[in-house]
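Here's the structure we're looking at; comments come further down.
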Amino acid sequence: MLHGTAATVVLLRDAPEGLQVLLLERPRNRGSFAGAWVFPGGVVDPGDYARPVPGEEPAPSTADDGGEPAAVRRAAVRETAEETGLSLPETSLVQLSCWEPPPEAPRRYRTWFFLAEAPAGDILLSPEEHMDAVWVTPAEAFRRQQEGTMELFPPTWV
């Protein structure tokens, strides 16, 4: 049984060492993915289904989807702003994938992943949600995972 829907944004930027992604460290002693490094994101709230982003055309939806595509995009933009202080236009999101955990997972959220170019600005962490942030190449993140200094859960490393 699915517990809900979530949205995640893989923020990307160019750097001298190559393409980098933003990873956020979750608190080690509480919450989902405790101690792991994750992309910004979170659960789609009921308000995401009805709340258009001011000044933007909402993502298209059909009568059959309950507004989920638009709500997921709104949640992605909202969660990124709450967790990093960075504002993304909804139109900048490029759908990457949709992850459904295996049936034996204790908490199952259908999670939509989006790519977006990181806007300019400083990362302002939400202290109740994250302890640290790092821009890192995917190869460096995998290296750190292998040496045990960075915990990555699926679907992050997938």
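Letters A, B, ... mark the chains of the structure tokens in the order given; residue numbers begin at 1 per chain; ligand numbers begin at 1, in order shown.
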
- Item | In range 2-107 of chain A, DSSP helix (DSSP H, G or I) residues written as a VMD selection string | chain A and resid 46 to 49 68 to 84 90 to 92

Need the shell around range 32-48 of chain A: protein/DNA/RNA residues with any atom at most 7 Å away, counting only C-alpha atoms. Skip same-chain ones fewer than 4 positions apart. Format as a PDB file with all heavy atoms, in the first residue's frame?
```
ATOM      1  N   THR A   5       2.335  10.492  -2.041  1.00  0.00           N
ATOM      2  CA  THR A   5       3.163  10.885  -3.173  1.00  0.00           C
ATOM      3  C   THR A   5       4.158  11.926  -2.700  1.00  0.00           C
ATOM      4  O   THR A   5       3.855  12.743  -1.836  1.00  0.00           O
ATOM      5  CB  THR A   5       2.271  11.471  -4.292  1.00  0.00           C
ATOM      6  OG1 THR A   5       1.280  10.498  -4.629  1.00  0.00           O
ATOM      7  CG2 THR A   5       3.066  11.804  -5.534  1.00  0.00           C
ATOM      8  N   ALA A   6       5.353  11.891  -3.278  1.00  0.00           N
ATOM      9  CA  ALA A   6       6.408  12.835  -2.919  1.00  0.00           C
ATOM     10  C   ALA A   6       7.076  13.348  -4.188  1.00  0.00           C
ATOM     11  O   ALA A   6       6.907  12.786  -5.273  1.00  0.00           O
ATOM     12  CB  ALA A   6       7.427  12.163  -2.004  1.00  0.00           C
ATOM     13  N   ALA A   7       7.829  14.428  -4.032  1.00  0.00           N
ATOM     14  CA  ALA A   7       8.564  15.034  -5.142  1.00  0.00           C
ATOM     15  C   ALA A   7       9.988  15.319  -4.694  1.00  0.00           C
ATOM     16  O   ALA A   7      10.215  15.737  -3.562  1.00  0.00           O
ATOM     17  CB  ALA A   7       7.883  16.324  -5.569  1.00  0.00           C
ATOM     18  N   THR A   8      10.929  15.097  -5.586  1.00  0.00           N
ATOM     19  CA  THR A   8      12.346  15.308  -5.310  1.00  0.00           C
ATOM     20  C   THR A   8      12.966  16.042  -6.489  1.00  0.00           C
ATOM     21  O   THR A   8      12.635  15.755  -7.638  1.00  0.00           O
ATOM     22  CB  THR A   8      13.050  13.952  -5.102  1.00  0.00           C
ATOM     23  OG1 THR A   8      12.494  13.320  -3.949  1.00  0.00           O
ATOM     24  CG2 THR A   8      14.537  14.111  -4.904  1.00  0.00           C
ATOM     25  N   VAL A   9      13.893  16.958  -6.184  1.00  0.00           N
ATOM     26  CA  VAL A   9      14.557  17.728  -7.238  1.00  0.00           C
ATOM     27  C   VAL A   9      16.062  17.489  -7.177  1.00  0.00           C
ATOM     28  O   VAL A   9      16.694  17.704  -6.147  1.00  0.00           O
ATOM     29  CB  VAL A   9      14.255  19.236  -7.108  1.00  0.00           C
ATOM     30  CG1 VAL A   9      14.987  20.020  -8.199  1.00  0.00           C
ATOM     31  CG2 VAL A   9      12.753  19.492  -7.178  1.00  0.00           C
ATOM     32  N   VAL A  10      16.604  17.039  -8.297  1.00  0.00           N
ATOM     33  CA  VAL A  10      18.046  16.887  -8.453  1.00  0.00           C
ATOM     34  C   VAL A  10      18.529  18.205  -9.037  1.00  0.00           C
ATOM     35  O   VAL A  10      18.352  18.467 -10.231  1.00  0.00           O
ATOM     36  CB  VAL A  10      18.383  15.700  -9.382  1.00  0.00           C
ATOM     37  CG1 VAL A  10      19.903  15.548  -9.510  1.00  0.00           C
ATOM     38  CG2 VAL A  10      17.745  14.418  -8.862  1.00  0.00           C
ATOM     39  N   LEU A  22      23.376  18.823  -5.828  1.00  0.00           N
ATOM     40  CA  LEU A  22      23.281  19.260  -4.442  1.00  0.00           C
ATOM     41  C   LEU A  22      22.735  18.109  -3.609  1.00  0.00           C
ATOM     42  O   LEU A  22      21.679  17.559  -3.914  1.00  0.00           O
ATOM     43  CB  LEU A  22      22.345  20.469  -4.309  1.00  0.00           C
ATOM     44  CG  LEU A  22      22.142  20.973  -2.881  1.00  0.00           C
ATOM     45  CD1 LEU A  22      23.436  21.561  -2.316  1.00  0.00           C
ATOM     46  CD2 LEU A  22      21.020  21.994  -2.829  1.00  0.00           C
ATOM     47  N   LEU A  23      23.463  17.760  -2.544  1.00  0.00           N
ATOM     48  CA  LEU A  23      22.998  16.751  -1.590  1.00  0.00           C
ATOM     49  C   LEU A  23      22.882  17.396  -0.222  1.00  0.00           C
ATOM     50  O   LEU A  23      23.724  18.213   0.169  1.00  0.00           O
ATOM     51  CB  LEU A  23      23.959  15.563  -1.544  1.00  0.00           C
ATOM     52  CG  LEU A  23      23.979  14.688  -2.789  1.00  0.00           C
ATOM     53  CD1 LEU A  23      25.089  13.647  -2.693  1.00  0.00           C
ATOM     54  CD2 LEU A  23      22.629  14.007  -2.990  1.00  0.00           C
ATOM     55  N   LEU A  24      21.838  17.023   0.504  1.00  0.00           N
ATOM     56  CA  LEU A  24      21.557  17.558   1.839  1.00  0.00           C
ATOM     57  C   LEU A  24      21.644  16.418   2.855  1.00  0.00           C
ATOM     58  O   LEU A  24      21.106  15.340   2.621  1.00  0.00           O
ATOM     59  CB  LEU A  24      20.149  18.162   1.877  1.00  0.00           C
ATOM     60  CG  LEU A  24      19.818  19.197   0.784  1.00  0.00           C
ATOM     61  CD1 LEU A  24      18.356  19.589   0.870  1.00  0.00           C
ATOM     62  CD2 LEU A  24      20.725  20.393   0.886  1.00  0.00           C
ATOM     63  N   GLU A  25      22.297  16.674   3.978  1.00  0.00           N
ATOM     64  CA  GLU A  25      22.440  15.646   5.008  1.00  0.00           C
ATOM     65  C   GLU A  25      21.283  15.716   5.998  1.00  0.00           C
ATOM     66  O   GLU A  25      21.031  16.745   6.618  1.00  0.00           O
ATOM     67  CB  GLU A  25      23.759  15.824   5.767  1.00  0.00           C
ATOM     68  CG  GLU A  25      24.019  14.716   6.753  1.00  0.00           C
ATOM     69  CD  GLU A  25      25.318  14.885   7.519  1.00  0.00           C
ATOM     70  OE1 GLU A  25      25.839  16.029   7.590  1.00  0.00           O
ATOM     71  OE2 GLU A  25      25.804  13.881   8.058  1.00  0.00           O
ATOM     72  N   ARG A  26      20.590  14.590   6.140  1.00  0.00           N
ATOM     73  CA  ARG A  26      19.476  14.479   7.091  1.00  0.00           C
ATOM     74  C   ARG A  26      20.023  14.314   8.508  1.00  0.00           C
ATOM     75  O   ARG A  26      21.107  13.771   8.699  1.00  0.00           O
ATOM     76  CB  ARG A  26      18.600  13.264   6.741  1.00  0.00           C
ATOM     77  CG  ARG A  26      17.973  13.313   5.357  1.00  0.00           C
ATOM     78  CD  ARG A  26      16.767  14.193   5.277  1.00  0.00           C
ATOM     79  NE  ARG A  26      15.768  13.674   6.198  1.00  0.00           N
ATOM     80  CZ  ARG A  26      14.898  14.427   6.865  1.00  0.00           C
ATOM     81  NH1 ARG A  26      14.871  15.718   6.713  1.00  0.00           N
ATOM     82  NH2 ARG A  26      14.037  13.881   7.680  1.00  0.00           N
ATOM     83  N   PRO A  27      19.268  14.759   9.527  1.00  0.00           N
ATOM     84  CA  PRO A  27      19.706  14.543  10.914  1.00  0.00           C
ATOM     85  C   PRO A  27      19.927  13.051  11.170  1.00  0.00           C
ATOM     86  O   PRO A  27      19.203  12.205  10.645  1.00  0.00           O
ATOM     87  CB  PRO A  27      18.532  15.070  11.746  1.00  0.00           C
ATOM     88  CG  PRO A  27      17.822  16.023  10.845  1.00  0.00           C
ATOM     89  CD  PRO A  27      17.992  15.477   9.448  1.00  0.00           C
ATOM     90  N   ARG A  28      20.921  12.755  11.961  1.00  0.00           N
ATOM     91  CA  ARG A  28      21.298  11.356  12.206  1.00  0.00           C
ATOM     92  C   ARG A  28      20.370  10.623  13.166  1.00  0.00           C
ATOM     93  O   ARG A  28      20.326   9.410  13.167  1.00  0.00           O
ATOM     94  CB  ARG A  28      22.721  11.305  12.746  1.00  0.00           C
ATOM     95  CG  ARG A  28      23.739  11.715  11.716  1.00  0.00           C
ATOM     96  CD  ARG A  28      25.169  11.589  12.241  1.00  0.00           C
ATOM     97  NE  ARG A  28      26.089  12.029  11.214  1.00  0.00           N
ATOM     98  CZ  ARG A  28      26.568  13.264  11.132  1.00  0.00           C
ATOM     99  NH1 ARG A  28      26.215  14.159  12.022  1.00  0.00           N
ATOM    100  NH2 ARG A  28      27.399  13.585  10.171  1.00  0.00           N
ATOM    101  N   ALA A  71       0.354  18.963  -9.006  1.00  0.00           N
ATOM    102  CA  ALA A  71       0.616  18.969  -7.560  1.00  0.00           C
ATOM    103  C   ALA A  71       2.035  18.541  -7.254  1.00  0.00           C
ATOM    104  O   ALA A  71       2.698  19.112  -6.373  1.00  0.00           O
ATOM    105  CB  ALA A  71      -0.376  18.056  -6.847  1.00  0.00           C
ATOM    106  N   VAL A  72       2.527  17.547  -7.963  1.00  0.00           N
ATOM    107  CA  VAL A  72       3.891  17.065  -7.738  1.00  0.00           C
ATOM    108  C   VAL A  72       4.899  18.155  -8.094  1.00  0.00           C
ATOM    109  O   VAL A  72       5.877  18.377  -7.365  1.00  0.00           O
ATOM    110  CB  VAL A  72       4.142  15.765  -8.532  1.00  0.00           C
ATOM    111  CG1 VAL A  72       5.605  15.389  -8.543  1.00  0.00           C
ATOM    112  CG2 VAL A  72       3.312  14.632  -7.959  1.00  0.00           C
ATOM    113  N   ARG A  74       4.332  21.407  -8.032  1.00  0.00           N
ATOM    114  CA  ARG A  74       4.223  22.437  -6.995  1.00  0.00           C
ATOM    115  C   ARG A  74       4.965  22.009  -5.736  1.00  0.00           C
ATOM    116  O   ARG A  74       5.658  22.803  -5.104  1.00  0.00           O
ATOM    117  CB  ARG A  74       2.761  22.713  -6.674  1.00  0.00           C
ATOM    118  CG  ARG A  74       2.054  23.490  -7.748  1.00  0.00           C
ATOM    119  CD  ARG A  74       0.618  23.822  -7.337  1.00  0.00           C
ATOM    120  NE  ARG A  74      -0.137  24.071  -8.537  1.00  0.00           N
ATOM    121  CZ  ARG A  74      -1.165  23.351  -8.953  1.00  0.00           C
ATOM    122  NH1 ARG A  74      -1.613  22.345  -8.237  1.00  0.00           N
ATOM    123  NH2 ARG A  74      -1.769  23.641 -10.076  1.00  0.00           N
ATOM    124  N   ALA A  75       4.811  20.746  -5.356  1.00  0.00           N
ATOM    125  CA  ALA A  75       5.504  20.241  -4.164  1.00  0.00           C
ATOM    126  C   ALA A  75       7.013  20.298  -4.365  1.00  0.00           C
ATOM    127  O   ALA A  75       7.750  20.650  -3.431  1.00  0.00           O
ATOM    128  CB  ALA A  75       5.055  18.816  -3.857  1.00  0.00           C
ATOM    129  N   ALA A  76       7.492  19.965  -5.553  1.00  0.00           N
ATOM    130  CA  ALA A  76       8.931  20.003  -5.831  1.00  0.00           C
ATOM    131  C   ALA A  76       9.486  21.417  -5.652  1.00  0.00           C
ATOM    132  O   ALA A  76      10.519  21.620  -5.005  1.00  0.00           O
ATOM    133  CB  ALA A  76       9.202  19.487  -7.242  1.00  0.00           C
ATOM    134  N   GLU A  79       9.100  22.394  -1.763  1.00  0.00           N
ATOM    135  CA  GLU A  79      10.069  21.700  -0.905  1.00  0.00           C
ATOM    136  C   GLU A  79      11.491  22.202  -1.143  1.00  0.00           C
ATOM    137  O   GLU A  79      12.263  22.354  -0.200  1.00  0.00           O
ATOM    138  CB  GLU A  79       9.995  20.185  -1.126  1.00  0.00           C
ATOM    139  CG  GLU A  79       8.764  19.546  -0.538  1.00  0.00           C
ATOM    140  CD  GLU A  79       8.815  19.404   0.971  1.00  0.00           C
ATOM    141  OE1 GLU A  79       9.907  19.502   1.570  1.00  0.00           O
ATOM    142  OE2 GLU A  79       7.746  19.182   1.572  1.00  0.00           O
ATOM    143  N   THR A  80      11.845  22.466  -2.388  1.00  0.00           N
ATOM    144  CA  THR A  80      13.181  22.994  -2.681  1.00  0.00           C
ATOM    145  C   THR A  80      13.375  24.343  -2.005  1.00  0.00           C
ATOM    146  O   THR A  80      14.414  24.594  -1.392  1.00  0.00           O
ATOM    147  CB  THR A  80      13.405  23.096  -4.203  1.00  0.00           C
ATOM    148  OG1 THR A  80      13.305  21.786  -4.770  1.00  0.00           O
ATOM    149  CG2 THR A  80      14.766  23.680  -4.521  1.00  0.00           C
ATOM    150  N   GLU A  83      13.652  23.816   1.864  1.00  0.00           N
ATOM    151  CA  GLU A  83      14.836  23.106   2.328  1.00  0.00           C
ATOM    152  C   GLU A  83      16.156  23.764   1.947  1.00  0.00           C
ATOM    153  O   GLU A  83      17.176  23.503   2.583  1.00  0.00           O
ATOM    154  CB  GLU A  83      14.820  21.664   1.810  1.00  0.00           C
ATOM    155  CG  GLU A  83      13.665  20.871   2.394  1.00  0.00           C
ATOM    156  CD  GLU A  83      13.628  19.436   1.922  1.00  0.00           C
ATOM    157  OE1 GLU A  83      14.527  18.997   1.175  1.00  0.00           O
ATOM    158  OE2 GLU A  83      12.681  18.732   2.325  1.00  0.00           O
ATOM    159  N   MET A 150      29.640   8.888   3.273  1.00  0.00           N
ATOM    160  CA  MET A 150      28.399   9.490   2.792  1.00  0.00           C
ATOM    161  C   MET A 150      27.392   8.366   2.596  1.00  0.00           C
ATOM    162  O   MET A 150      27.602   7.476   1.769  1.00  0.00           O
ATOM    163  CB  MET A 150      28.622  10.252   1.484  1.00  0.00           C
ATOM    164  CG  MET A 150      27.376  10.894   0.917  1.00  0.00           C
ATOM    165  SD  MET A 150      27.719  11.898  -0.558  1.00  0.00           S
ATOM    166  CE  MET A 150      28.081  13.476   0.225  1.00  0.00           C
ATOM    167  N   GLU A 151      26.309   8.408   3.352  1.00  0.00           N
ATOM    168  CA  GLU A 151      25.287   7.381   3.226  1.00  0.00           C
ATOM    169  C   GLU A 151      24.260   7.816   2.190  1.00  0.00           C
ATOM    170  O   GLU A 151      23.651   8.880   2.311  1.00  0.00           O
ATOM    171  CB  GLU A 151      24.606   7.128   4.569  1.00  0.00           C
ATOM    172  CG  GLU A 151      23.665   5.964   4.532  1.00  0.00           C
ATOM    173  CD  GLU A 151      23.193   5.533   5.902  1.00  0.00           C
ATOM    174  OE1 GLU A 151      23.465   6.227   6.892  1.00  0.00           O
ATOM    175  OE2 GLU A 151      22.529   4.476   5.962  1.00  0.00           O
ATOM    176  N   LEU A 152      24.106   6.986   1.176  1.00  0.00           N
ATOM    177  CA  LEU A 152      23.124   7.225   0.106  1.00  0.00           C
ATOM    178  C   LEU A 152      22.177   6.038   0.073  1.00  0.00           C
ATOM    179  O   LEU A 152      22.620   4.894  -0.030  1.00  0.00           O
ATOM    180  CB  LEU A 152      23.821   7.354  -1.254  1.00  0.00           C
ATOM    181  CG  LEU A 152      24.851   8.458  -1.427  1.00  0.00           C
ATOM    182  CD1 LEU A 152      25.531   8.334  -2.776  1.00  0.00           C
ATOM    183  CD2 LEU A 152      24.215   9.819  -1.264  1.00  0.00           C
ATOM    184  N   PHE A 153      20.892   6.310   0.190  1.00  0.00           N
ATOM    185  CA  PHE A 153      19.887   5.253   0.097  1.00  0.00           C
ATOM    186  C   PHE A 153      19.336   5.214  -1.328  1.00  0.00           C
ATOM    187  O   PHE A 153      19.278   6.234  -1.997  1.00  0.00           O
ATOM    188  CB  PHE A 153      18.708   5.545   1.040  1.00  0.00           C
ATOM    189  CG  PHE A 153      18.983   5.266   2.485  1.00  0.00           C
ATOM    190  CD1 PHE A 153      18.986   6.305   3.403  1.00  0.00           C
ATOM    191  CD2 PHE A 153      19.217   3.983   2.933  1.00  0.00           C
ATOM    192  CE1 PHE A 153      19.219   6.049   4.746  1.00  0.00           C
ATOM    193  CE2 PHE A 153      19.447   3.727   4.270  1.00  0.00           C
ATOM    194  CZ  PHE A 153      19.453   4.757   5.184  1.00  0.00           C
ATOM    195  N   THR A 156      18.243   7.451  -4.177  1.00  0.00           N
ATOM    196  CA  THR A 156      19.227   8.510  -4.462  1.00  0.00           C
ATOM    197  C   THR A 156      20.352   7.994  -5.338  1.00  0.00           C
ATOM    198  O   THR A 156      20.695   8.619  -6.341  1.00  0.00           O
ATOM    199  CB  THR A 156      19.781   9.105  -3.150  1.00  0.00           C
ATOM    200  OG1 THR A 156      18.695   9.587  -2.366  1.00  0.00           O
ATOM    201  CG2 THR A 156      20.744  10.240  -3.432  1.00  0.00           C
TER     202      THR A 156
END
```

- Counting only C-alpha atoms, what is within 9 Å of Gly85 in chain A, bar same-chain residues fewer than 3 positions away, as an NGL selection string? :A and (80-82 or 121-126)

- Task: Work out how far apart CA of Pro89 in chain A and CA of Leu115 in chain A are and give it in Å to one decimal.
- Result: 12.1 Å

- Of the residues A:Thr111, A:Gln145, A:Trp99, A:Glu104, which is the one nearest to Glu68 in chain A, using only C-alpha atoms? A:Thr111

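Using only C-alpha atoms, the smallest distance between any of A:Pro154, A:Ala120, A:Asp132, A:Phe142 and Leu86 in chain A comes from A:Ala120.
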
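Nearest residue to Trp135 in chain A, choosing from A:Val21, A:Leu2, A:Asp14, A:Ser92 and counting only C-alpha atoms: A:Val21.
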
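Coordinates place CA of Arg13 in chain A at a distance of 5.8 Å from CA of Ala118 in chain A.
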
- Suppose you want the space between CA of His130 in chain A and CA of Val94 in chain A; what is it in Å? 24.4 Å

- Between A:Ala70, A:Ala15, A:Leu88, A:Leu93, which one has atoms that come closest to Pro119 in chain A, using only C-alpha atoms? A:Leu88

- Taking the DSSP assignment computed from this structure's backbone, write out as number ranges by chain all residues of chain A that belong to strand (DSSP E). A: 4-13, 20-25, 37-38, 41-43, 94-99, 109-117, 132-136

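For the residues A:Pro16, A:Glu100, A:Thr84, A:Asn29, ranking by smallest atom-to-atom distance to Val134 in chain A using only C-alpha atoms places A:Thr84 first.
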